[in-house]
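Colleague: Sending over model_18.cif (mmCIF, C-alpha atoms and all ligand atoms).
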```cif
data_structure
#
loop_
_atom_site.group_PDB
_atom_site.id
_atom_site.type_symbol
_atom_site.label_atom_id
_atom_site.label_comp_id
_atom_site.auth_asym_id
_atom_site.auth_seq_id
_atom_site.Cartn_x
_atom_site.Cartn_y
_atom_site.Cartn_z
ATOM 1 C CA MET A 1 0.000 0.000 0.000
ATOM 2 C CA THR A 2 1.760 3.138 -1.185
ATOM 3 C CA THR A 3 -0.158 6.313 -0.610
ATOM 4 C CA ARG A 4 0.935 9.894 -0.183
ATOM 5 C CA GLY A 5 0.539 11.075 3.383
ATOM 6 C CA PHE A 6 1.348 7.742 4.993
ATOM 7 C CA GLN A 7 4.369 7.360 7.237
ATOM 8 C CA CYS A 8 5.762 3.893 7.969
ATOM 9 C CA ALA A 9 4.827 2.660 11.448
ATOM 10 C CA GLY A 10 8.126 0.750 11.541
ATOM 11 C CA CYS A 11 10.820 3.154 10.303
ATOM 12 C CA GLY A 12 9.009 6.460 9.784
ATOM 13 C CA VAL A 13 9.768 6.768 6.062
ATOM 14 C CA LYS A 14 7.077 8.575 4.078
ATOM 15 C CA GLY A 15 4.920 6.832 1.470
ATOM 16 C CA ALA A 16 3.497 3.710 3.115
ATOM 17 C CA ILE A 17 2.032 2.749 6.479
ATOM 18 C CA TRP A 18 4.213 -0.416 6.514
ATOM 19 C CA CYS A 19 7.012 -0.041 3.970
ATOM 20 C CA LYS A 20 8.571 -2.718 1.765
ATOM 21 C CA SER A 21 12.001 -2.215 3.352
ATOM 22 C CA CYS A 22 10.611 -2.957 6.837
ATOM 23 C CA GLN A 23 8.766 -5.985 5.483
ATOM 24 C CA ASN A 24 11.965 -7.306 3.911
ATOM 25 C CA GLN A 25 14.019 -6.743 7.073
ATOM 26 C CA THR A 26 11.568 -8.596 9.282
ATOM 27 C CA VAL A 27 12.773 -12.060 10.305
ATOM 28 C CA ARG A 28 10.166 -14.623 9.264
ATOM 29 C CA ILE A 29 9.496 -17.713 11.332
ATOM 30 C CA GLY A 30 9.338 -19.950 8.248
ATOM 31 C CA LEU A 31 8.349 -23.589 7.941
ATOM 32 C CA LEU A 32 10.972 -25.000 10.316
ATOM 33 C CA CYS A 33 8.846 -24.776 13.425
ATOM 34 C CA CYS A 34 6.905 -26.880 15.909
ATOM 35 C CA LYS A 35 3.840 -28.164 14.053
ATOM 36 C CA ARG A 36 1.760 -27.541 17.139
ATOM 37 C CA CYS A 37 2.705 -24.112 18.495
ATOM 38 C CA GLY A 38 4.819 -22.646 15.689
ATOM 39 C CA TYR A 39 7.925 -22.113 17.847
ATOM 40 C CA PRO A 40 11.079 -22.145 15.671
ATOM 41 C CA SER A 41 12.312 -25.705 16.104
ATOM 42 C CA GLU A 42 13.883 -28.483 14.083
ATOM 43 C CA ARG A 43 11.798 -30.947 16.016
ATOM 44 C CA HIS A 44 8.400 -31.878 14.627
ATOM 45 C CA ILE A 45 6.879 -31.073 18.014
ATOM 46 C CA CYS A 46 8.859 -28.802 20.359
ATOM 47 C CA LYS A 47 9.800 -29.922 23.864
ATOM 48 C CA TRP A 48 7.223 -27.657 25.528
ATOM 49 C CA CYS A 49 4.350 -29.069 23.475
ATOM 50 C CA CYS A 50 5.644 -32.595 24.219
ATOM 51 C CA TYR A 51 5.664 -31.759 27.914
ATOM 52 C CA GLU A 52 2.123 -30.393 27.894
ATOM 53 C CA THR A 53 -0.171 -30.533 24.853
ATOM 54 C CA PRO A 54 -1.807 -27.147 24.226
ATOM 55 C CA TRP A 55 -5.583 -26.797 23.889
ATOM 56 C CA PHE A 56 -5.219 -25.308 20.419
ATOM 57 C CA ASP A 57 -4.644 -27.695 17.508
ATOM 58 C CA SER A 58 -2.053 -25.548 15.802
ATOM 59 C CA ALA A 59 -0.639 -22.011 15.915
ATOM 60 C CA ARG A 60 1.527 -20.068 13.480
ATOM 61 C CA SER A 61 3.177 -16.655 13.515
ATOM 62 C CA TRP A 62 4.468 -14.650 10.588
ATOM 63 C CA ALA A 63 7.697 -13.218 12.032
ATOM 64 C CA ARG A 64 9.787 -12.563 15.110
ATOM 65 C CA TYR A 65 8.708 -9.826 17.491
ATOM 66 C CA SER A 66 11.678 -7.513 17.039
ATOM 67 C CA GLY A 67 12.977 -4.512 15.126
ATOM 68 C CA GLU A 68 10.589 -2.564 12.917
ATOM 69 C CA LEU A 69 7.774 -5.107 13.264
ATOM 70 C CA ARG A 70 7.841 -4.558 17.008
ATOM 71 C CA LYS A 71 7.554 -0.793 16.453
ATOM 72 C CA ALA A 72 4.664 -1.285 14.044
ATOM 73 C CA LEU A 73 2.785 -3.470 16.545
ATOM 74 C CA VAL A 74 3.370 -0.976 19.362
ATOM 75 C CA TYR A 75 1.952 1.688 17.005
ATOM 76 C CA LEU A 76 -1.120 -0.478 16.342
ATOM 77 C CA LYS A 77 -1.747 -0.759 20.098
ATOM 78 C CA THR A 78 -1.893 3.016 20.500
ATOM 79 C CA GLN A 79 -3.285 4.191 17.126
ATOM 80 C CA GLU A 80 -6.521 2.823 15.741
ATOM 81 C CA SER A 81 -5.103 2.391 12.228
ATOM 82 C CA VAL A 82 -7.256 0.341 9.883
ATOM 83 C CA ASP A 83 -4.618 0.882 7.183
ATOM 84 C CA LEU A 84 -1.819 -0.633 9.279
ATOM 85 C CA ALA A 85 -4.121 -3.486 10.357
ATOM 86 C CA SER A 86 -4.850 -4.204 6.682
ATOM 87 C CA ALA A 87 -1.148 -4.189 5.776
ATOM 88 C CA LEU A 88 -0.328 -6.612 8.604
ATOM 89 C CA ALA A 89 -3.376 -8.779 7.859
ATOM 90 C CA ALA A 90 -1.739 -9.669 4.548
ATOM 91 C CA HIS A 91 1.046 -11.333 6.566
ATOM 92 C CA LEU A 92 -1.514 -13.250 8.608
ATOM 93 C CA ALA A 93 -2.919 -14.578 5.338
ATOM 94 C CA GLU A 94 0.583 -15.864 4.470
ATOM 95 C CA VAL A 95 0.648 -18.206 7.470
ATOM 96 C CA LEU A 96 -2.942 -19.445 7.227
ATOM 97 C CA LEU A 97 -2.881 -23.141 6.313
ATOM 98 C CA PRO A 98 -5.655 -24.200 3.863
ATOM 99 C CA SER A 99 -5.827 -27.622 5.562
ATOM 100 C CA TRP A 100 -7.295 -25.973 8.671
ATOM 101 C CA ALA A 101 -10.548 -25.370 6.723
ATOM 102 C CA ILE A 102 -11.591 -22.524 9.035
ATOM 103 C CA ASP A 103 -15.299 -21.779 9.585
ATOM 104 C CA LEU A 104 -15.030 -18.704 11.788
ATOM 105 C CA VAL A 105 -12.462 -16.038 12.746
ATOM 106 C CA VAL A 106 -12.325 -14.775 16.343
ATOM 107 C CA PRO A 107 -10.071 -12.034 17.719
ATOM 108 C CA ILE A 108 -8.615 -12.303 21.232
ATOM 109 C CA PRO A 109 -10.887 -9.892 23.109
ATOM 110 C CA LEU A 110 -10.013 -7.262 25.686
ATOM 111 C CA SER A 111 -12.036 -7.134 28.882
ATOM 112 C CA ALA A 112 -14.913 -4.613 28.850
ATOM 113 C CA THR A 113 -12.982 -2.421 31.290
ATOM 114 C CA ARG A 114 -9.798 -2.366 29.254
ATOM 115 C CA LEU A 115 -11.730 -1.830 26.021
ATOM 116 C CA ARG A 116 -13.357 1.245 27.586
ATOM 117 C CA MET A 117 -9.952 2.542 28.665
ATOM 118 C CA ARG A 118 -8.216 1.893 25.344
ATOM 119 C CA GLY A 119 -11.127 2.643 23.025
ATOM 120 C CA PHE A 120 -10.337 -0.165 20.585
ATOM 121 C CA ASN A 121 -8.888 -3.664 20.378
ATOM 122 C CA GLN A 122 -5.895 -4.083 18.051
ATOM 123 C CA ALA A 123 -6.549 -7.837 17.702
ATOM 124 C CA GLU A 124 -10.056 -7.013 16.489
ATOM 125 C CA LEU A 125 -8.683 -4.531 13.932
ATOM 126 C CA LEU A 126 -6.343 -7.235 12.622
ATOM 127 C CA ALA A 127 -9.042 -9.925 12.618
ATOM 128 C CA GLN A 128 -11.510 -7.667 10.756
ATOM 129 C CA ALA A 129 -8.973 -6.812 8.064
ATOM 130 C CA PHE A 130 -7.855 -10.445 7.804
ATOM 131 C CA ALA A 131 -11.398 -11.858 7.596
ATOM 132 C CA GLN A 132 -12.225 -9.409 4.846
ATOM 133 C CA LEU A 133 -9.059 -10.304 2.953
ATOM 134 C CA VAL A 134 -9.577 -14.075 3.048
ATOM 135 C CA GLN A 135 -13.379 -13.877 2.913
ATOM 136 C CA LEU A 136 -14.150 -15.689 6.153
ATOM 137 C CA PRO A 137 -16.925 -14.895 8.642
ATOM 138 C CA ILE A 138 -15.879 -13.215 11.884
ATOM 139 C CA ALA A 139 -17.479 -13.261 15.353
ATOM 140 C CA ILE A 140 -16.620 -10.355 17.643
ATOM 141 C CA LYS A 141 -18.744 -11.017 20.706
ATOM 142 C CA ALA A 142 -18.791 -14.822 20.814
ATOM 143 C CA LEU A 143 -15.605 -14.958 22.886
ATOM 144 C CA MET A 144 -15.566 -12.695 25.936
ATOM 145 C CA ARG A 145 -12.820 -11.805 28.332
ATOM 146 C CA ILE A 146 -14.500 -12.049 31.700
ATOM 147 C CA ARG A 147 -11.524 -11.306 33.879
ATOM 148 C CA ASP A 148 -8.849 -8.691 33.565
ATOM 149 C CA THR A 149 -5.406 -10.145 33.721
ATOM 150 C CA LYS A 150 -2.367 -8.501 35.241
ATOM 151 C CA PHE A 151 0.307 -7.255 32.896
ATOM 152 C CA GLN A 152 1.853 -10.454 31.588
ATOM 153 C CA ARG A 153 5.260 -8.907 31.035
ATOM 154 C CA THR A 154 6.035 -8.714 34.725
ATOM 155 C CA LEU A 155 5.089 -12.329 35.424
ATOM 156 C CA GLY A 156 7.038 -15.572 35.280
ATOM 157 C CA ARG A 157 5.907 -18.582 33.276
ATOM 158 C CA ALA A 158 3.856 -20.312 35.965
ATOM 159 C CA ASP A 159 2.223 -17.042 37.014
ATOM 160 C CA ARG A 160 1.278 -16.207 33.441
ATOM 161 C CA LYS A 161 -0.599 -19.489 33.131
ATOM 162 C CA GLN A 162 -2.406 -18.890 36.395
ATOM 163 C CA ASN A 163 -3.112 -15.309 35.347
ATOM 164 C CA VAL A 164 -5.074 -16.197 32.203
ATOM 165 C CA ARG A 165 -6.775 -19.336 33.479
ATOM 166 C CA GLN A 166 -10.515 -19.034 33.013
ATOM 167 C CA ALA A 167 -10.189 -15.485 31.760
ATOM 168 C CA PHE A 168 -12.495 -16.253 28.808
ATOM 169 C CA ARG A 169 -16.085 -17.277 28.267
ATOM 170 C CA ALA A 170 -17.142 -18.751 24.930
ATOM 171 C CA ASP A 171 -20.674 -18.802 23.548
ATOM 172 C CA GLY A 172 -21.642 -22.423 22.774
ATOM 173 C CA ARG A 173 -24.150 -21.449 20.054
ATOM 174 C CA SER A 174 -21.388 -19.759 18.064
ATOM 175 C CA PHE A 175 -18.739 -22.429 18.438
ATOM 176 C CA ALA A 176 -20.400 -25.855 18.545
ATOM 177 C CA GLY A 177 -18.899 -28.106 15.863
ATOM 178 C CA MET A 178 -16.955 -25.231 14.290
ATOM 179 C CA LYS A 179 -13.332 -24.931 13.188
ATOM 180 C CA ILE A 180 -12.197 -21.702 14.802
ATOM 181 C CA LEU A 181 -9.286 -19.422 13.988
ATOM 182 C CA ILE A 182 -8.057 -17.140 16.765
ATOM 183 C CA VAL A 183 -6.317 -13.939 15.652
ATOM 184 C CA ASP A 184 -3.974 -11.907 17.857
ATOM 185 C CA ASP A 185 -1.088 -9.497 17.371
ATOM 186 C CA ILE A 186 1.657 -11.276 19.354
ATOM 187 C CA PHE A 187 2.199 -14.812 20.621
ATOM 188 C CA VAL A 188 4.252 -14.421 23.811
ATOM 189 C CA THR A 189 4.052 -17.645 25.818
ATOM 190 C CA GLY A 190 0.808 -18.798 24.248
ATOM 191 C CA ALA A 191 -0.930 -18.733 27.638
ATOM 192 C CA THR A 192 -3.605 -16.297 26.444
ATOM 193 C CA ILE A 193 -4.316 -18.190 23.222
ATOM 194 C CA ASN A 194 -4.269 -21.474 25.127
ATOM 195 C CA SER A 195 -6.788 -20.208 27.658
ATOM 196 C CA ALA A 196 -9.076 -18.884 24.895
ATOM 197 C CA SER A 197 -8.749 -22.202 23.033
ATOM 198 C CA ARG A 198 -9.715 -24.094 26.163
ATOM 199 C CA ALA A 199 -12.876 -21.978 26.524
ATOM 200 C CA ILE A 200 -13.809 -22.529 22.859
ATOM 201 C CA LYS A 201 -13.249 -26.288 23.089
ATOM 202 C CA LYS A 202 -15.270 -26.502 26.319
ATOM 203 C CA ALA A 203 -18.030 -24.653 24.448
ATOM 204 C CA GLY A 204 -18.084 -27.420 21.827
ATOM 205 C CA GLY A 205 -15.618 -26.045 19.267
ATOM 206 C CA HIS A 206 -14.462 -28.795 16.877
ATOM 207 C CA SER A 207 -10.929 -27.452 16.527
ATOM 208 C CA VAL A 208 -9.027 -24.286 17.321
ATOM 209 C CA PHE A 209 -6.184 -22.758 15.327
ATOM 210 C CA ALA A 210 -4.369 -19.495 15.937
ATOM 211 C CA ILE A 211 -2.367 -16.991 13.916
ATOM 212 C CA THR A 212 -0.428 -13.972 15.102
ATOM 213 C CA VAL A 213 1.622 -11.396 13.277
ATOM 214 C CA ALA A 214 4.572 -11.776 15.638
ATOM 215 C CA ARG A 215 6.107 -14.319 17.920
ATOM 216 C CA SER A 216 8.209 -13.361 20.925
ATOM 217 C CA LEU A 217 11.180 -15.676 21.309
ATOM 218 C CA LEU A 218 12.277 -14.214 24.636
ATOM 219 C CA ASN A 219 9.687 -16.287 26.430
ATOM 220 C CA THR A 220 9.377 -20.027 26.276
ATOM 221 C CA PRO A 221 5.924 -21.377 25.414
ATOM 222 C CA ALA A 222 3.511 -21.789 28.326
HETATM 223 ZN ZN ZN A 301 9.414 1.146 7.193
HETATM 224 ZN ZN ZN A 302 5.455 -26.376 20.301
#
```
Taking this structure as input, can you express it in the form of structure tokens?

Modeller:
Amino acid sequence: MTTRGFQCAGCGVKGAIWCKSCQNQTVRIGLLCCKRCGYPSERHICKWCCYETPWFDSARSWARYSGELRKALVYLKTQESVDLASALAAHLAEVLLPSWAIDLVVPIPLSATRLRMRGFNQAELLAQAFAQLVQLPIAIKALMRIRDTKFQRTLGRADRKQNVRQAFRADGRSFAGMKILIVDDIFVTGATINSASRAIKKAGGHSVFAITVARSLLNTPA
């Protein structure tokens, strides 16, 4: 997307909201990853997924959470930019596997309180743009965040898991028998996506997949 007036959310250059140079510099995760959680790994299933099988069937991320992509995602958290969401949604489409045969797209929701404070949900912006791009139906209110969670960044691995446990409620009428795709901006430990997947499966979801724009490699999977 090259349009006059845009400034790159990654590097600040004028001409595009997410420029080609930033896209090219971003480190992709690629195909050599855990088939379950998408963590870069030469093993078919990484050691964390072997240790404890996640609730989601499979998750993939486009690139590493670093450099200009990190800046762009920080920008998307503070600026309600449909244009940036659309540019990044194209990357989500790159990691969507046709074999998942998705029925419904669902963004990771914010709690009602945090949504009021922030004014918008960046995962919802991404999911809307993505669903439109790949022509899939989207459900915004079927998955609810019923409990605010503490800032994950300050917590250790065990605490993160505890923090997001039962943080979601899923509407059975929306999910029963369906193949669901969760959309979020960043996969950190996977605890949030895992907790949401658990809620969807408990609500009768047939299978749950997840895609994120970025994957943090500083944290081991939950
Ligand atoms: Zn740029
Ligand atoms: Zn894994």

Colleague: Please expand the PyMOL selection byres (((chain A and resi 198) around 9) and not hetatm) into the concrete residues it hits in this file, giving the result as a ChimeraX atom specification.

Modeller: /A:54-56,166,168,193-197,199-203,208

Colleague: Need to verify the contact set: segment 113-129 of chain A, 12 Å, only C-alpha atoms, exclusion of same-chain residues closer than 5 positions in sequence. Can you return it as a PyMOL selection string?

Modeller: chain A and resi 72-93+104-108+134-141+143-151+181-187+193+210-214

Colleague: Extract, using all atoms listed in the file, all DNA, RNA and protein residues at most 9 Å from Cys8 of chain A, discarding same-chain residues fewer than 5 positions from it, and format them as a list in words.

Modeller: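 Using all atoms listed in the file, the neighbours found are Val13, Lys14, Gly15, Ala16, Ile17, Trp18, Cys19, Cys22, Ala72 and Leu84 of chain A.
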
Colleague: Would you save the residues of that selection, restricted to C-alpha atoms, as an mmCIF file, in the frame of the given file?

Modeller:
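See again00.cif below for the written result:
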```
data_model
loop_
_atom_site.group_PDB
_atom_site.id
_atom_site.type_symbol
_atom_site.label_atom_id
_atom_site.label_comp_id
_atom_site.auth_asym_id
_atom_site.auth_seq_id
_atom_site.Cartn_x
_atom_site.Cartn_y
_atom_site.Cartn_z
ATOM 1 C CA VAL A 13 9.768 6.768 6.062
ATOM 2 C CA LYS A 14 7.077 8.575 4.078
ATOM 3 C CA GLY A 15 4.920 6.832 1.470
ATOM 4 C CA ALA A 16 3.497 3.710 3.115
ATOM 5 C CA ILE A 17 2.032 2.749 6.479
ATOM 6 C CA TRP A 18 4.213 -0.416 6.514
ATOM 7 C CA CYS A 19 7.012 -0.041 3.970
ATOM 8 C CA CYS A 22 10.611 -2.957 6.837
ATOM 9 C CA ALA A 72 4.664 -1.285 14.044
ATOM 10 C CA LEU A 84 -1.819 -0.633 9.279
#
```

Colleague: What does the PyMOL selection byres (((chain A and resi 37-44) around 7) and not hetatm) select in this file, as a VMD selection string?

Modeller: chain A and resid 29 32 to 36 45 to 46 58 to 61

Colleague: Taking all listed atoms of segment 9-19 of chain A, build the axis-aligned box, pad each of the six sides by 4 Å, then write its centre and edge lengths in Å to one decimal as lines of an AutoDock Vina configuration file.

Modeller:
```
center_x = 6.4
center_y = 4.1
center_z = 6.5
size_x = 16.8
size_y = 17.0
size_z = 18.1
```

Colleague: What does the distance between atom CA of Lys71 of chain A and atom CA of Phe209 of chain A come to in Å, to one decimal place?

Modeller: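 These two atoms are separated by 25.9 Å.
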
Colleague: One decimal, Å: what's the distance from atom CA of Lys179 of chain A over to atom CA of Gln132 of chain A, could you say?

Modeller: 17.7 Å

Colleague: Which is closer to ligand ZN 302 (chain A) than all the others in A:Ser99, A:Gln7, A:Thr189, A:Thr26, using only C-alpha atoms and all ligand atoms?

Modeller: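 Of A:Ser99, A:Gln7, A:Thr189, A:Thr26, the one nearest ligand ZN 302 (chain A) is A:Thr189, counting only C-alpha atoms and all ligand atoms.
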
Colleague: Could you check how far atom CA of Asp103 of chain A sits from atom CA of Ile180 of chain A, in Å to one decimal?

Modeller: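 Here the two named atoms are 6.1 Å from each other.
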
Colleague: Using all atoms listed in the file, which of the listed residues (A:Arg173, A:Arg215, A:His206, A:Lys47) sits closest to ligand ZN 302 (chain A)?

Modeller: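 Comparing A:Arg173, A:Arg215, A:His206, A:Lys47 against ligand ZN 302 (chain A), the winner is A:Lys47.
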
Colleague: With only C-alpha atoms and all ligand atoms as the basis for distance, which of A:Thr53, A:Ser207, A:Ser66, A:Asn24 is at the shortest distance from ligand ZN 302 (chain A)?

Modeller: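 When distances to ligand ZN 302 (chain A) are compared using only C-alpha atoms and all ligand atoms, the smallest one comes from A:Thr53.
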
Colleague: List every protein, DNA or RNA residue with an atom no more than 6 Å from (8.5, -13.7, 20.7) in the file's coordinates, counting only C-alpha atoms, and format the result as a short mmCIF file (atom, residue, chain, number, x, y, z; two decimals) with C-alpha atoms, keeping the file's coordinate frame.

Modeller:
```
data_model
loop_
_atom_site.label_atom_id
_atom_site.label_comp_id
_atom_site.auth_asym_id
_atom_site.auth_seq_id
_atom_site.Cartn_x
_atom_site.Cartn_y
_atom_site.Cartn_z
CA ARG A 64 9.79 -12.56 15.11
CA TYR A 65 8.71 -9.83 17.49
CA VAL A 188 4.25 -14.42 23.81
CA ARG A 215 6.11 -14.32 17.92
CA SER A 216 8.21 -13.36 20.92
CA LEU A 217 11.18 -15.68 21.31
CA LEU A 218 12.28 -14.21 24.64
#
```

Colleague: I'd like to know which of A:Val27, A:Ala112, A:Cys11, A:Ala170 is closest to ligand ZN 301 (chain A), using all atoms listed in the file.

Modeller: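 Checking each of A:Val27, A:Ala112, A:Cys11, A:Ala170 against ligand ZN 301 (chain A), counting all atoms listed in the file, the winner is A:Cys11.
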
Colleague: Choose the residue, out of A:Arg70, A:Phe175, A:Pro98, A:Asp57, that has the smallest atom-to-atom separation from ligand ZN 301 (chain A); count only C-alpha atoms and all ligand atoms.

Modeller: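 Counting only C-alpha atoms and all ligand atoms, the residue closest to ligand ZN 301 (chain A) is A:Arg70.
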
Colleague: Go through A:Ala191, A:Leu69, A:Ala63, A:Ile102 and flag the residue nearest ligand ZN 301 (chain A), using only C-alpha atoms and all ligand atoms for the distances.

Modeller: A:Leu69

Colleague: Rebuild segment 57-86 of chain A to N, CA and C atoms - output it as an mmCIF file, keeping the file's coordinate frame, please.

Modeller:
```
data_model
loop_
_atom_site.group_PDB
_atom_site.id
_atom_site.type_symbol
_atom_site.label_atom_id
_atom_site.label_comp_id
_atom_site.auth_asym_id
_atom_site.auth_seq_id
_atom_site.Cartn_x
_atom_site.Cartn_y
_atom_site.Cartn_z
ATOM 1 N N ASP A 57 -5.133 -26.625 18.376
ATOM 2 C CA ASP A 57 -4.644 -27.695 17.508
ATOM 3 C C ASP A 57 -3.342 -27.300 16.828
ATOM 4 N N SER A 58 -3.259 -26.015 16.462
ATOM 5 C CA SER A 58 -2.053 -25.548 15.802
ATOM 6 C C SER A 58 -2.013 -24.027 15.825
ATOM 7 N N ALA A 59 -0.807 -23.466 15.940
ATOM 8 C CA ALA A 59 -0.639 -22.011 15.915
ATOM 9 C C ALA A 59 0.548 -21.649 15.038
ATOM 10 N N ARG A 60 0.424 -20.532 14.327
ATOM 11 C CA ARG A 60 1.527 -20.068 13.480
ATOM 12 C C ARG A 60 1.672 -18.549 13.622
ATOM 13 N N SER A 61 2.910 -18.090 13.500
ATOM 14 C CA SER A 61 3.177 -16.655 13.515
ATOM 15 C C SER A 61 3.970 -16.299 12.275
ATOM 16 N N TRP A 62 3.800 -15.058 11.820
ATOM 17 C CA TRP A 62 4.468 -14.650 10.588
ATOM 18 C C TRP A 62 5.954 -14.397 10.815
ATOM 19 N N ALA A 63 6.301 -13.636 11.862
ATOM 20 C CA ALA A 63 7.697 -13.218 12.032
ATOM 21 C C ALA A 63 8.041 -13.009 13.501
ATOM 22 N N ARG A 64 9.332 -12.787 13.738
ATOM 23 C CA ARG A 64 9.787 -12.563 15.110
ATOM 24 C C ARG A 64 9.386 -11.184 15.606
ATOM 25 N N TYR A 65 9.079 -11.096 16.881
ATOM 26 C CA TYR A 65 8.708 -9.826 17.491
ATOM 27 C C TYR A 65 9.984 -9.054 17.816
ATOM 28 N N SER A 66 10.460 -8.292 16.827
ATOM 29 C CA SER A 66 11.678 -7.513 17.039
ATOM 30 C C SER A 66 11.747 -6.428 15.964
ATOM 31 N N GLY A 67 12.686 -5.537 16.135
ATOM 32 C CA GLY A 67 12.977 -4.512 15.126
ATOM 33 C C GLY A 67 11.772 -3.673 14.741
ATOM 34 N N GLU A 68 11.636 -3.445 13.431
ATOM 35 C CA GLU A 68 10.589 -2.564 12.917
ATOM 36 C C GLU A 68 9.194 -3.154 13.113
ATOM 37 N N LEU A 69 9.104 -4.496 13.067
ATOM 38 C CA LEU A 69 7.774 -5.107 13.264
ATOM 39 C C LEU A 69 7.276 -4.820 14.680
ATOM 40 N N ARG A 70 8.195 -4.863 15.629
ATOM 41 C CA ARG A 70 7.841 -4.558 17.008
ATOM 42 C C ARG A 70 7.318 -3.119 17.113
ATOM 43 N N LYS A 71 7.994 -2.194 16.443
ATOM 44 C CA LYS A 71 7.554 -0.793 16.453
ATOM 45 C C LYS A 71 6.163 -0.660 15.839
ATOM 46 N N ALA A 72 5.955 -1.363 14.729
ATOM 47 C CA ALA A 72 4.664 -1.285 14.044
ATOM 48 C C ALA A 72 3.542 -1.817 14.936
ATOM 49 N N LEU A 73 3.827 -2.887 15.684
ATOM 50 C CA LEU A 73 2.785 -3.470 16.545
ATOM 51 C C LEU A 73 2.528 -2.602 17.783
ATOM 52 N N VAL A 74 3.560 -1.927 18.267
ATOM 53 C CA VAL A 74 3.370 -0.976 19.362
ATOM 54 C C VAL A 74 2.490 0.179 18.864
ATOM 55 N N TYR A 75 2.751 0.625 17.640
ATOM 56 C CA TYR A 75 1.952 1.688 17.005
ATOM 57 C C TYR A 75 0.479 1.268 16.918
ATOM 58 N N LEU A 76 0.260 0.012 16.505
ATOM 59 C CA LEU A 76 -1.120 -0.478 16.342
ATOM 60 C C LEU A 76 -1.866 -0.567 17.684
ATOM 61 N N LYS A 77 -1.122 -0.703 18.765
ATOM 62 C CA LYS A 77 -1.747 -0.759 20.098
ATOM 63 C C LYS A 77 -2.225 0.613 20.546
ATOM 64 N N THR A 78 -1.569 1.666 20.034
ATOM 65 C CA THR A 78 -1.893 3.016 20.500
ATOM 66 C C THR A 78 -2.694 3.819 19.482
ATOM 67 N N GLN A 79 -2.569 3.465 18.186
ATOM 68 C CA GLN A 79 -3.285 4.191 17.126
ATOM 69 C C GLN A 79 -4.267 3.246 16.453
ATOM 70 N N GLU A 80 -5.509 3.667 16.380
ATOM 71 C CA GLU A 80 -6.521 2.823 15.741
ATOM 72 C C GLU A 80 -6.385 2.944 14.222
ATOM 73 N N SER A 81 -5.395 2.259 13.655
ATOM 74 C CA SER A 81 -5.103 2.391 12.228
ATOM 75 C C SER A 81 -5.604 1.189 11.438
ATOM 76 N N VAL A 82 -6.698 1.394 10.734
ATOM 77 C CA VAL A 82 -7.256 0.341 9.883
ATOM 78 C C VAL A 82 -6.278 0.038 8.739
ATOM 79 N N ASP A 83 -5.573 1.060 8.279
ATOM 80 C CA ASP A 83 -4.618 0.882 7.183
ATOM 81 C C ASP A 83 -3.455 -0.021 7.594
ATOM 82 N N LEU A 84 -2.914 0.214 8.798
ATOM 83 C CA LEU A 84 -1.819 -0.633 9.279
ATOM 84 C C LEU A 84 -2.332 -2.053 9.531
ATOM 85 N N ALA A 85 -3.531 -2.160 10.111
ATOM 86 C CA ALA A 85 -4.121 -3.486 10.357
ATOM 87 C C ALA A 85 -4.270 -4.247 9.040
ATOM 88 N N SER A 86 -4.682 -3.557 7.988
ATOM 89 C CA SER A 86 -4.850 -4.204 6.682
ATOM 90 C C SER A 86 -3.515 -4.671 6.125
#
```
